[in-house]
>>> print(open('data-v1.json').read())   # JSON, C-alpha atoms
[["chain", "number", "residue", "atom", "x", "y", "z"],
["A", 1, "MET", "CA", 0.00, 0.00, 0.00],
["A", 2, "SER", "CA", 1.24, 3.48, -0.79],
["A", 3, "ILE", "CA", -0.12, 5.55, 2.12],
["A", 4, "VAL", "CA", -1.20, 4.78, 5.68],
["A", 5, "VAL", "CA", -3.17, 7.57, 7.38],
["A", 6, "VAL", "CA", -3.79, 7.58, 11.13],
["A", 7, "GLY", "CA", -6.43, 9.95, 12.45],
["A", 8, "SER", "CA", -10.07, 10.41, 13.34],
["A", 9, "VAL", "CA", -13.30, 9.17, 11.79],
["A", 10, "ALA", "CA", -16.25, 11.02, 13.26],
["A", 11, "TYR", "CA", -19.81, 12.19, 12.88],
["A", 12, "ASP", "CA", -20.01, 15.95, 12.29],
["A", 13, "THR", "CA", -22.88, 18.36, 12.84],
["A", 14, "ILE", "CA", -22.16, 21.50, 10.83],
["A", 15, "GLU", "CA", -23.92, 24.88, 10.65],
["A", 16, "THR", "CA", -23.13, 27.62, 8.14],
["A", 17, "ALA", "CA", -24.99, 30.52, 6.55],
["A", 18, "HIS", "CA", -25.98, 28.06, 3.78],
["A", 19, "GLY", "CA", -27.70, 25.59, 6.12],
["A", 20, "GLY", "CA", -26.30, 22.55, 7.82],
["A", 21, "VAL", "CA", -26.02, 18.78, 8.25],
["A", 22, "THR", "CA", -26.45, 16.55, 11.29],
["A", 23, "GLU", "CA", -24.13, 13.65, 12.10],
["A", 24, "ALA", "CA", -22.54, 13.45, 8.65],
["A", 25, "LEU", "CA", -19.51, 11.25, 8.12],
["A", 26, "GLY", "CA", -16.32, 13.23, 8.76],
["A", 27, "GLY", "CA", -13.03, 13.19, 10.63],
["A", 28, "SER", "CA", -9.53, 14.02, 9.42],
["A", 29, "ALA", "CA", -8.69, 10.49, 8.28],
["A", 30, "ALA", "CA", -11.87, 10.17, 6.18],
["A", 31, "TYR", "CA", -11.27, 13.44, 4.30],
["A", 32, "PHE", "CA", -7.58, 12.66, 3.83],
["A", 33, "ALA", "CA", -8.15, 9.10, 2.60],
["A", 34, "ILE", "CA", -10.82, 9.94, 0.01],
["A", 35, "ALA", "CA", -8.68, 12.79, -1.39],
["A", 36, "ALA", "CA", -5.45, 10.76, -1.49],
["A", 37, "ARG", "CA", -7.22, 7.82, -3.14],
["A", 38, "PHE", "CA", -7.49, 9.81, -6.40],
["A", 39, "PHE", "CA", -3.76, 9.20, -6.78],
["A", 40, "THR", "CA", -2.74, 6.02, -4.93],
["A", 41, "PRO", "CA", -3.92, 3.20, -2.63],
["A", 42, "VAL", "CA", -4.67, 4.31, 0.94],
["A", 43, "SER", "CA", -5.02, 2.39, 4.19],
["A", 44, "ILE", "CA", -6.85, 4.02, 7.10],
["A", 45, "VAL", "CA", -6.14, 3.54, 10.82],
["A", 46, "ALA", "CA", -8.84, 4.92, 13.12],
["A", 47, "VAL", "CA", -11.45, 3.89, 15.69],
["A", 48, "VAL", "CA", -15.25, 4.01, 15.53],
["A", 49, "GLY", "CA", -18.04, 2.92, 17.85],
["A", 50, "ALA", "CA", -20.75, 0.28, 17.58],
["A", 51, "ASP", "CA", -23.04, 2.99, 16.17],
["A", 52, "PHE", "CA", -20.91, 3.43, 13.04],
["A", 53, "ARG", "CA", -23.25, 3.15, 10.09],
["A", 54, "PRO", "CA", -22.67, 0.29, 7.58],
["A", 55, "GLU", "CA", -23.28, 2.66, 4.67],
["A", 56, "ASP", "CA", -20.42, 4.87, 5.83],
["A", 57, "LEU", "CA", -18.05, 1.92, 5.92],
["A", 58, "GLN", "CA", -19.30, 1.01, 2.45],
["A", 59, "LEU", "CA", -18.66, 4.56, 1.20],
["A", 60, "LEU", "CA", -14.98, 4.26, 2.17],
["A", 61, "ALA", "CA", -14.60, 0.70, 0.88],
["A", 62, "GLU", "CA", -16.26, 1.46, -2.47],
["A", 63, "ARG", "CA", -13.61, 4.09, -3.11],
["A", 64, "GLY", "CA", -10.90, 1.46, -2.78],
["A", 65, "ILE", "CA", -9.78, 2.55, 0.70],
["A", 66, "ASP", "CA", -8.34, -0.25, 2.83],
["A", 67, "VAL", "CA", -10.50, -0.25, 6.00],
["A", 68, "ARG", "CA", -8.94, -3.22, 7.80],
["A", 69, "GLY", "CA", -7.36, -0.76, 10.25],
["A", 70, "LEU", "CA", -10.71, 0.82, 11.13],
["A", 71, "GLU", "CA", -11.10, -0.54, 14.66],
["A", 72, "LEU", "CA", -14.63, -1.14, 15.95],
["A", 73, "GLN", "CA", -15.16, -0.70, 19.70],
["A", 74, "GLU", "CA", -18.12, -0.80, 22.04],
["A", 75, "GLY", "CA", -19.41, 2.70, 22.64],
["A", 76, "LYS", "CA", -20.12, 5.69, 20.40],
["A", 77, "THR", "CA", -18.20, 7.14, 17.48],
["A", 78, "MET", "CA", -16.59, 10.56, 18.02],
["A", 79, "ARG", "CA", -18.91, 13.56, 17.51],
["A", 80, "TRP", "CA", -18.08, 17.15, 16.58],
["A", 81, "HIS", "CA", -20.50, 20.08, 16.29],
["A", 82, "GLY", "CA", -19.28, 23.31, 14.73],
["A", 83, "ARG", "CA", -20.90, 26.60, 13.69],
["A", 84, "TYR", "CA", -19.25, 28.89, 11.12],
["A", 85, "HIS", "CA", -19.51, 32.67, 11.13],
["A", 86, "GLU", "CA", -20.45, 34.60, 8.00],
["A", 87, "ASP", "CA", -16.70, 34.97, 7.57],
["A", 88, "MET", "CA", -16.01, 31.25, 7.17],
["A", 89, "ASN", "CA", -12.43, 31.62, 8.31],
["A", 90, "ARG", "CA", -13.97, 31.77, 11.80],
["A", 91, "ARG", "CA", -15.95, 29.06, 13.53],
["A", 92, "ASP", "CA", -17.13, 28.10, 17.00],
["A", 93, "THR", "CA", -16.91, 24.57, 18.31],
["A", 94, "ILE", "CA", -20.26, 23.96, 19.99],
["A", 95, "SER", "CA", -19.37, 20.54, 21.35],
["A", 96, "VAL", "CA", -16.88, 17.68, 21.05],
["A", 97, "GLU", "CA", -17.63, 14.16, 22.28],
["A", 98, "LEU", "CA", -14.48, 12.06, 21.97],
["A", 99, "ASN", "CA", -16.25, 8.81, 22.93],
["A", 100, "VAL", "CA", -14.19, 5.80, 21.71],
["A", 101, "PHE", "CA", -11.56, 8.17, 20.26],
["A", 102, "GLU", "CA", -10.60, 9.28, 23.80],
["A", 103, "ASN", "CA", -8.62, 6.09, 24.42],
["A", 104, "PHE", "CA", -7.51, 5.47, 20.83],
["A", 105, "ALA", "CA", -4.18, 3.62, 20.82],
["A", 106, "PRO", "CA", -3.34, 3.02, 17.14],
["A", 107, "THR", "CA", -1.77, -0.34, 16.35],
["A", 108, "LEU", "CA", -0.75, -0.95, 12.75],
["A", 109, "LEU", "CA", -1.17, -4.23, 10.88],
["A", 110, "PRO", "CA", 2.07, -5.98, 9.80],
["A", 111, "ASP", "CA", 1.82, -4.79, 6.19],
["A", 112, "GLN", "CA", 0.94, -1.25, 7.31],
["A", 113, "CYS", "CA", 4.19, -1.20, 9.28],
["A", 114, "ARG", "CA", 6.03, -1.57, 5.96],
["A", 115, "CYS", "CA", 4.31, 1.41, 4.31],
["A", 116, "ASP", "CA", 6.35, 3.84, 2.21],
["A", 117, "TYR", "CA", 4.18, 6.89, 2.93],
["A", 118, "LEU", "CA", 2.72, 7.70, 6.34],
["A", 119, "PHE", "CA", 0.50, 10.59, 7.40],
["A", 120, "LEU", "CA", -0.11, 11.33, 11.06],
["A", 121, "GLY", "CA", -3.40, 13.18, 11.58],
["A", 122, "ASN", "CA", -3.81, 15.68, 14.40],
["A", 123, "ILE", "CA", -3.90, 13.15, 17.23],
["A", 124, "LYS", "CA", -1.80, 13.55, 20.40],
["A", 125, "PRO", "CA", 1.93, 13.94, 19.63],
["A", 126, "GLY", "CA", 2.66, 10.96, 21.89],
["A", 127, "LEU", "CA", 0.37, 8.79, 19.76],
["A", 128, "GLN", "CA", 1.96, 10.12, 16.57],
["A", 129, "ALA", "CA", 5.36, 9.05, 17.95],
["A", 130, "ARG", "CA", 3.91, 5.65, 18.89],
["A", 131, "VAL", "CA", 2.79, 5.12, 15.29],
["A", 132, "LEU", "CA", 6.19, 6.17, 13.93],
["A", 133, "GLU", "CA", 7.89, 3.61, 16.13],
["A", 134, "GLN", "CA", 5.83, 0.87, 14.47],
["A", 135, "VAL", "CA", 6.82, 1.79, 10.90],
["A", 136, "THR", "CA", 10.04, 0.23, 9.64],
["A", 137, "SER", "CA", 11.42, 2.56, 6.95],
["A", 138, "PRO", "CA", 8.94, 5.05, 5.47],
["A", 139, "LYS", "CA", 10.07, 7.16, 2.52],
["A", 140, "VAL", "CA", 7.92, 10.17, 3.44],
["A", 141, "VAL", "CA", 6.28, 11.02, 6.77],
["A", 142, "GLY", "CA", 3.72, 13.81, 6.95],
["A", 143, "GLY", "CA", 1.97, 15.15, 10.00],
["A", 144, "ASP", "CA", -0.69, 17.58, 11.14],
["A", 145, "THR", "CA", -1.27, 19.25, 14.49],
["A", 146, "MET", "CA", -3.74, 21.53, 16.25],
["A", 147, "ASN", "CA", -3.80, 24.33, 18.80],
["A", 148, "ILE", "CA", -4.55, 22.09, 21.79],
["A", 149, "TRP", "CA", -1.30, 20.13, 21.26],
["A", 150, "ILE", "CA", 0.72, 23.31, 20.66],
["A", 151, "GLU", "CA", -0.55, 24.60, 23.99],
["A", 152, "ASN", "CA", -0.52, 21.43, 26.09],
["A", 153, "ALA", "CA", 2.06, 19.08, 24.51],
["A", 154, "ARG", "CA", 4.56, 21.49, 22.94],
["A", 155, "GLU", "CA", 7.71, 19.63, 24.00],
["A", 156, "GLU", "CA", 6.49, 16.29, 22.64],
["A", 157, "LEU", "CA", 5.31, 17.97, 19.45],
["A", 158, "ILE", "CA", 8.60, 19.72, 18.69],
["A", 159, "LYS", "CA", 10.52, 16.52, 19.47],
["A", 160, "LEU", "CA", 8.50, 14.86, 16.69],
["A", 161, "PHE", "CA", 9.26, 17.54, 14.09],
["A", 162, "SER", "CA", 12.73, 16.28, 13.21],
["A", 163, "ARG", "CA", 11.12, 13.03, 12.01],
["A", 164, "LEU", "CA", 8.67, 14.76, 9.65],
["A", 165, "ASP", "CA", 9.21, 15.37, 5.95],
["A", 166, "LEU", "CA", 6.00, 17.44, 5.80],
["A", 167, "LEU", "CA", 4.20, 19.41, 8.49],
["A", 168, "THR", "CA", 0.78, 20.92, 7.75],
["A", 169, "LEU", "CA", -0.87, 23.48, 10.02],
["A", 170, "ASN", "CA", -3.14, 26.46, 9.62],
["A", 171, "ASP", "CA", -2.18, 30.12, 9.93],
["A", 172, "GLU", "CA", -3.49, 30.48, 13.50],
["A", 173, "GLU", "CA", -1.53, 27.41, 14.61],
["A", 174, "ALA", "CA", 1.61, 28.65, 12.83],
["A", 175, "ARG", "CA", 1.45, 31.94, 14.72],
["A", 176, "GLN", "CA", 0.80, 30.17, 18.03],
["A", 177, "LEU", "CA", 3.65, 27.70, 17.55],
["A", 178, "SER", "CA", 6.24, 30.21, 16.35],
["A", 179, "GLY", "CA", 5.26, 33.27, 18.38],
["A", 180, "GLU", "CA", 5.46, 35.27, 15.14],
["A", 181, "HIS", "CA", 2.46, 37.16, 13.74],
["A", 182, "ASN", "CA", 3.96, 37.53, 10.25],
["A", 183, "LEU", "CA", 3.41, 34.22, 8.46],
["A", 184, "VAL", "CA", 6.66, 34.35, 6.49],
["A", 185, "LYS", "CA", 8.61, 34.72, 9.75],
["A", 186, "ALA", "CA", 6.39, 32.06, 11.34],
["A", 187, "GLY", "CA", 6.98, 29.52, 8.55],
["A", 188, "ARG", "CA", 10.74, 30.02, 8.58],
["A", 189, "ALA", "CA", 10.84, 29.75, 12.38],
["A", 190, "ILE", "CA", 8.90, 26.45, 12.31],
["A", 191, "LEU", "CA", 11.20, 25.13, 9.57],
["A", 192, "LYS", "CA", 14.12, 25.61, 11.96],
["A", 193, "MET", "CA", 12.32, 23.38, 14.49],
["A", 194, "GLY", "CA", 12.98, 20.33, 12.33],
["A", 195, "PRO", "CA", 10.42, 19.54, 9.60],
["A", 196, "ARG", "CA", 11.84, 19.25, 6.09],
["A", 197, "THR", "CA", 8.87, 21.14, 4.60],
["A", 198, "VAL", "CA", 6.22, 23.30, 6.30],
["A", 199, "LEU", "CA", 2.84, 23.93, 4.66],
["A", 200, "VAL", "CA", 0.85, 26.78, 6.20],
["A", 201, "LYS", "CA", -2.84, 26.61, 5.23],
["A", 202, "ARG", "CA", -4.49, 30.03, 4.95],
["A", 203, "GLY", "CA", -8.08, 29.12, 4.02],
["A", 204, "GLU", "CA", -9.43, 31.40, 1.28],
["A", 205, "TYR", "CA", -5.96, 32.98, 0.93],
["A", 206, "GLY", "CA", -4.20, 29.78, -0.17],
["A", 207, "VAL", "CA", -1.06, 28.03, 1.08],
["A", 208, "LEU", "CA", 2.51, 29.01, 1.92],
["A", 209, "GLN", "CA", 5.18, 26.32, 1.47],
["A", 210, "PHE", "CA", 8.53, 26.63, 3.26],
["A", 211, "SER", "CA", 11.57, 24.43, 2.66],
["A", 212, "LYS", "CA", 15.34, 24.81, 2.54],
["A", 213, "GLU", "CA", 14.94, 25.59, -1.20],
["A", 214, "GLY", "CA", 12.84, 28.66, -0.37],
["A", 215, "MET", "CA", 9.20, 29.72, -0.23],
["A", 216, "PHE", "CA", 6.33, 28.91, -2.59],
["A", 217, "ALA", "CA", 2.96, 30.69, -2.44],
["A", 218, "VAL", "CA", -0.22, 29.22, -3.92],
["A", 219, "PRO", "CA", -3.53, 31.14, -3.97],
["A", 220, "ALA", "CA", -6.82, 29.45, -3.25],
["A", 221, "TYR", "CA", -8.89, 28.44, -6.26],
["A", 222, "PRO", "CA", -11.47, 31.24, -6.72],
["A", 223, "LEU", "CA", -15.05, 30.15, -5.99],
["A", 224, "GLU", "CA", -18.26, 32.16, -6.02],
["A", 225, "ASP", "CA", -19.87, 30.16, -3.19],
["A", 226, "VAL", "CA", -18.25, 28.45, -0.22],
["A", 227, "VAL", "CA", -20.82, 26.23, 1.49],
["A", 228, "ASP", "CA", -18.77, 24.44, 4.15],
["A", 229, "PRO", "CA", -14.98, 24.57, 4.73],
["A", 230, "THR", "CA", -14.93, 21.56, 7.08],
["A", 231, "GLY", "CA", -12.27, 19.04, 6.05],
["A", 232, "ALA", "CA", -10.73, 21.18, 3.30],
["A", 233, "GLY", "CA", -7.35, 21.19, 5.05],
["A", 234, "ASP", "CA", -7.42, 17.40, 5.48],
["A", 235, "ALA", "CA", -8.32, 16.92, 1.81],
["A", 236, "PHE", "CA", -5.48, 19.28, 0.92],
["A", 237, "ALA", "CA", -3.04, 17.10, 2.86],
["A", 238, "GLY", "CA", -4.47, 13.99, 1.19],
["A", 239, "GLY", "CA", -3.95, 15.50, -2.25],
["A", 240, "VAL", "CA", -0.37, 16.49, -1.44],
["A", 241, "MET", "CA", 0.62, 13.10, -0.03],
["A", 242, "GLY", "CA", -1.31, 11.22, -2.71],
["A", 243, "PHE", "CA", 0.47, 13.01, -5.55],
["A", 244, "LEU", "CA", 3.89, 12.47, -3.93],
["A", 245, "ALA", "CA", 3.19, 8.76, -3.42],
["A", 246, "ARG", "CA", 1.95, 8.32, -6.99],
["A", 247, "HIS", "CA", 5.10, 9.87, -8.43],
["A", 248, "SER", "CA", 7.40, 8.37, -5.78],
["A", 249, "ARG", "CA", 9.66, 11.37, -5.31],
["A", 250, "LEU", "CA", 10.09, 14.26, -2.90],
["A", 251, "THR", "CA", 11.76, 16.94, -5.02],
["A", 252, "GLU", "CA", 10.97, 20.65, -4.83],
["A", 253, "SER", "CA", 9.27, 20.44, -8.24],
["A", 254, "ALA", "CA", 7.10, 17.48, -7.17],
["A", 255, "LEU", "CA", 6.21, 19.22, -3.90],
["A", 256, "ARG", "CA", 5.04, 22.36, -5.67],
["A", 257, "THR", "CA", 2.86, 20.38, -8.08],
["A", 258, "ALA", "CA", 1.52, 18.36, -5.15],
["A", 259, "VAL", "CA", 0.59, 21.56, -3.29],
["A", 260, "VAL", "CA", -1.41, 22.75, -6.30],
["A", 261, "TYR", "CA", -3.25, 19.42, -6.55],
["A", 262, "GLY", "CA", -3.90, 19.55, -2.81],
["A", 263, "THR", "CA", -5.33, 23.06, -3.19],
["A", 264, "VAL", "CA", -7.59, 21.82, -5.98],
["A", 265, "LEU", "CA", -8.92, 18.95, -3.82],
["A", 266, "GLY", "CA", -9.59, 21.35, -0.97],
["A", 267, "SER", "CA", -11.51, 23.66, -3.31],
["A", 268, "PHE", "CA", -13.97, 20.89, -4.18],
["A", 269, "VAL", "CA", -14.67, 20.01, -0.53],
["A", 270, "VAL", "CA", -16.04, 23.47, 0.31],
["A", 271, "GLU", "CA", -18.67, 23.36, -2.45],
["A", 272, "LYS", "CA", -21.02, 21.11, -0.43],
["A", 273, "PHE", "CA", -21.49, 20.02, 3.16],
["A", 274, "GLY", "CA", -19.16, 17.45, 4.67],
["A", 275, "LEU", "CA", -17.86, 14.79, 2.31],
["A", 276, "GLN", "CA", -20.70, 15.14, -0.20],
["A", 277, "ARG", "CA", -18.69, 16.78, -3.00],
["A", 278, "LEU", "CA", -15.53, 14.77, -2.44],
["A", 279, "ALA", "CA", -17.47, 11.49, -2.47],
["A", 280, "ASP", "CA", -19.06, 12.30, -5.86],
["A", 281, "LEU", "CA", -15.91, 13.65, -7.47],
["A", 282, "SER", "CA", -14.14, 12.10, -10.47],
["A", 283, "PHE", "CA", -10.44, 12.33, -11.29],
["A", 284, "GLU", "CA", -11.35, 13.96, -14.61],
["A", 285, "GLU", "CA", -12.90, 16.85, -12.67],
["A", 286, "VAL", "CA", -9.79, 17.10, -10.47],
["A", 287, "ASP", "CA", -7.48, 17.18, -13.46],
["A", 288, "GLN", "CA", -9.69, 19.69, -15.29],
["A", 289, "ARG", "CA", -9.62, 22.09, -12.33],
["A", 290, "TYR", "CA", -5.85, 21.61, -11.96],
["A", 291, "ARG", "CA", -5.40, 22.73, -15.57],
["A", 292, "ALA", "CA", -7.77, 25.66, -15.04],
["A", 293, "PHE", "CA", -5.81, 26.62, -11.93],
["A", 294, "ILE", "CA", -2.54, 26.63, -13.89],
["A", 295, "GLU", "CA", -4.13, 28.81, -16.57],
["A", 296, "LEU", "CA", -5.33, 31.27, -13.91],
["A", 297, "THR", "CA", -1.90, 31.64, -12.32],
["A", 298, "ASP", "CA", 0.49, 31.40, -15.29],
["A", 299, "SER", "CA", 1.20, 34.79, -16.87],
["A", 300, "HIS", "CA", 2.97, 33.07, -19.79],
["A", 301, "TYR", "CA", 0.13, 30.71, -20.61],
["A", 302, "SER", "CA", 0.42, 29.68, -24.28],
["A", 303, "ARG", "CA", -2.80, 31.23, -25.54],
["A", 304, "TRP", "CA", -1.60, 34.69, -24.51],
["A", 305, "ILE", "CA", 1.83, 34.15, -26.03],
["A", 306, "SER", "CA", 0.27, 33.40, -29.43],
["A", 307, "GLN", "CA", -1.57, 36.74, -29.52]]
>>> encode(input="data-v1.json", output="structure tokens")
Amino acid sequence: MSIVVVGSVAYDTIETAHGGVTEALGGSAAYFAIAARFFTPVSIVAVVGADFRPEDLQLLAERGIDVRGLELQEGKTMRWHGRYHEDMNRRDTISVELNVFENFAPTLLPDQCRCDYLFLGNIKPGLQARVLEQVTSPKVVGGDTMNIWIENAREELIKLFSRLDLLTLNDEEARQLSGEHNLVKAGRAILKMGPRTVLVKRGEYGVLQFSKEGMFAVPAYPLEDVVDPTGAGDAFAGGVMGFLARHSRLTESALRTAVVYGTVLGSFVVEKFGLQRLADLSFEEVDQRYRAFIELTDSHYSRWISQ
């Protein structure tokens, strides 16, 4: 298998100015896996409760995602309830019920331990390290984090950074982690903490990539309507890792192309609630939007040169 992703599978209740959904399939690992599967095989490691719906398991399996690592426990699946402001860069968490996820202790299957590409979702840094210890010799390790770990498990988190080829985090988390308000200073400061590449997600403003080769800025794909931004960052990470795994290289050129594909995947997610748009998406649509994105951002695009 090309990628193993360890993270959460949950039921989300989401409210935005466009409406809402109740207990829709979500979680970082679900968004990541469906996005990455457009490029390469994916194996998911997560935990769900006895209330996990058979149709949701079928949705993952029908997309060719390996669900053998989806552990079923007595109890309830994790729940998250969020409400977005009119400015969708801001949201309030109404409630979180960890349920079976509270005591999640990921254990990989023997073949998962031999994976080439590993992505650590935003679980506790100690659990991320536990997963890394189980993997024999991965080619690329990516990881995500969140504000609660930056605040409460900073030492463990930074200790992990030297083992990451890719670190993804949003702009608020980058500022919190680095102590720098300016995102360029923040990205460069985090790079010095150990990750080989840092990807700062900026919502509707795009992505900043930092590596020893320099900085790369990608705008968001322009959309008239954003319905629900939940999971867009996880789909972005899935697109990045999926592209890298498909092409089996971690060069600066490959990374930059991967970041554009990741941005494209994230742009589809926000068009509908939850996983609805991602679940109905075809690779032809992904590739079409990638080409449209290149046309939008390339000042030397061939049709202008010919005029």
>>> closest_residue(input="data-v1.json", among="A:Leu223, A:Glu204, A:Arg249, A:Leu177", to="Asp165 (chain A)", atoms="all atoms listed in the file")
A:Arg249
>>> residues_around(input="data-v1.json", residues="Tyr84 (chain A)", least_positions_apart="2", cutoff="8 Å", atoms="all atoms listed in the file", output="ChimeraX atom specification")
/A:14-17,82,86-92
>>> atom_distance(input="data-v1.json", atom1="CA of Ala50 (chain A)", atom2="CA of Leu127 (chain A)")
22.9 Å
>>> residues_around(input="data-v1.json", residues="Ala46 (chain A)", least_positions_apart="5", cutoff="7 Å", atoms="all atoms listed in the file", output="PyMOL selection string")
chain A and resi 6-9+69-71
>>> residues_around(input="data-v1.json", residues="Arg53 (chain A)", least_positions_apart="3", cutoff="12 Å", atoms="all atoms listed in the file", output="PyMOL selection string")
chain A and resi 9-11+23-25+48-50+56-60+72+76-77
>>> atom_distance(input="data-v1.json", atom1="CA of Asp225 (chain A)", atom2="CA of Tyr290 (chain A)")
18.6 Å
>>> atom_distance(input="data-v1.json", atom1="CA of Glu172 (chain A)", atom2="CA of Val198 (chain A)")
14.1 Å
>>> residues_around(input="data-v1.json", residues="region 156-160 of chain A", least_positions_apart="3", cutoff="10 Å", atoms="all atoms listed in the file", output="JSON, numbers by chain")
{"A": [124, 125, 126, 128, 129, 132, 143, 145, 149, 150, 151, 152, 153, 163, 164, 177, 190, 193, 194, 195]}
>>> write_last_selection(input="data-v1.json", atoms="C-alpha atoms", output="CSV table (one decimal), keeping the file's coordinate frame")
chain,number,residue,atom,x,y,z
A,124,LYS,CA,-1.8,13.6,20.4
A,125,PRO,CA,1.9,13.9,19.6
A,126,GLY,CA,2.7,11.0,21.9
A,128,GLN,CA,2.0,10.1,16.6
A,129,ALA,CA,5.4,9.0,18.0
A,132,LEU,CA,6.2,6.2,13.9
A,143,GLY,CA,2.0,15.2,10.0
A,145,THR,CA,-1.3,19.2,14.5
A,149,TRP,CA,-1.3,20.1,21.3
A,150,ILE,CA,0.7,23.3,20.7
A,151,GLU,CA,-0.6,24.6,24.0
A,152,ASN,CA,-0.5,21.4,26.1
A,153,ALA,CA,2.1,19.1,24.5
A,163,ARG,CA,11.1,13.0,12.0
A,164,LEU,CA,8.7,14.8,9.6
A,177,LEU,CA,3.6,27.7,17.6
A,190,ILE,CA,8.9,26.4,12.3
A,193,MET,CA,12.3,23.4,14.5
A,194,GLY,CA,13.0,20.3,12.3
A,195,PRO,CA,10.4,19.5,9.6
>>> closest_residue(input="data-v1.json", among="A:Lys139, A:Lys201, A:Lys272, A:Arg63", to="Ser248 (chain A)", atoms="only C-alpha atoms")
A:Lys139
>>> residues_around(input="data-v1.json", residues="Met241 (chain A)", least_positions_apart="2", cutoff="8 Å", atoms="all atoms listed in the file", output="ChimeraX atom specification")
/A:3,36,117,119,142,237-239,243-245,258
>>> closest_residue(input="data-v1.json", among="A:Gln112, A:Ser211, A:Thr93, A:Thr22", to="Asp66 (chain A)", atoms="all atoms listed in the file")
A:Gln112
>>> closest_residue(input="data-v1.json", among="A:Val218, A:Ala30, A:Val227, A:Leu166", to="His18 (chain A)", atoms="all atoms listed in the file")
A:Val227
>>> residues_near_point(input="data-v1.json", point="(-6.9, 21.5, 6.4)", cutoff="10 Å", atoms="all atoms listed in the file", output="PyMOL selection string")
chain A and resi 28+31-32+144+168-170+200-203+229-238+262-263+266
>>> write_last_selection(input="data-v1.json", atoms="C-alpha atoms", output="CSV table (one decimal), in the coordinates of the input")
chain,number,residue,atom,x,y,z
A,28,SER,CA,-9.5,14.0,9.4
A,31,TYR,CA,-11.3,13.4,4.3
A,32,PHE,CA,-7.6,12.7,3.8
A,144,ASP,CA,-0.7,17.6,11.1
A,168,THR,CA,0.8,20.9,7.8
A,169,LEU,CA,-0.9,23.5,10.0
A,170,ASN,CA,-3.1,26.5,9.6
A,200,VAL,CA,0.8,26.8,6.2
A,201,LYS,CA,-2.8,26.6,5.2
A,202,ARG,CA,-4.5,30.0,5.0
A,203,GLY,CA,-8.1,29.1,4.0
A,229,PRO,CA,-15.0,24.6,4.7
A,230,THR,CA,-14.9,21.6,7.1
A,231,GLY,CA,-12.3,19.0,6.0
A,232,ALA,CA,-10.7,21.2,3.3
A,233,GLY,CA,-7.4,21.2,5.0
A,234,ASP,CA,-7.4,17.4,5.5
A,235,ALA,CA,-8.3,16.9,1.8
A,236,PHE,CA,-5.5,19.3,0.9
A,237,ALA,CA,-3.0,17.1,2.9
A,238,GLY,CA,-4.5,14.0,1.2
A,262,GLY,CA,-3.9,19.6,-2.8
A,263,THR,CA,-5.3,23.1,-3.2
A,266,GLY,CA,-9.6,21.4,-1.0
>>> axis_aligned_box(input="data-v1.json", around="region 258-274 of chain A", padding_each_side="3 Å", output="AutoDock Vina command-line options")
--center_x -10.0 --center_y 20.6 --center_z -0.9 --size_x 29.0 --size_y 12.2 --size_z 17.2
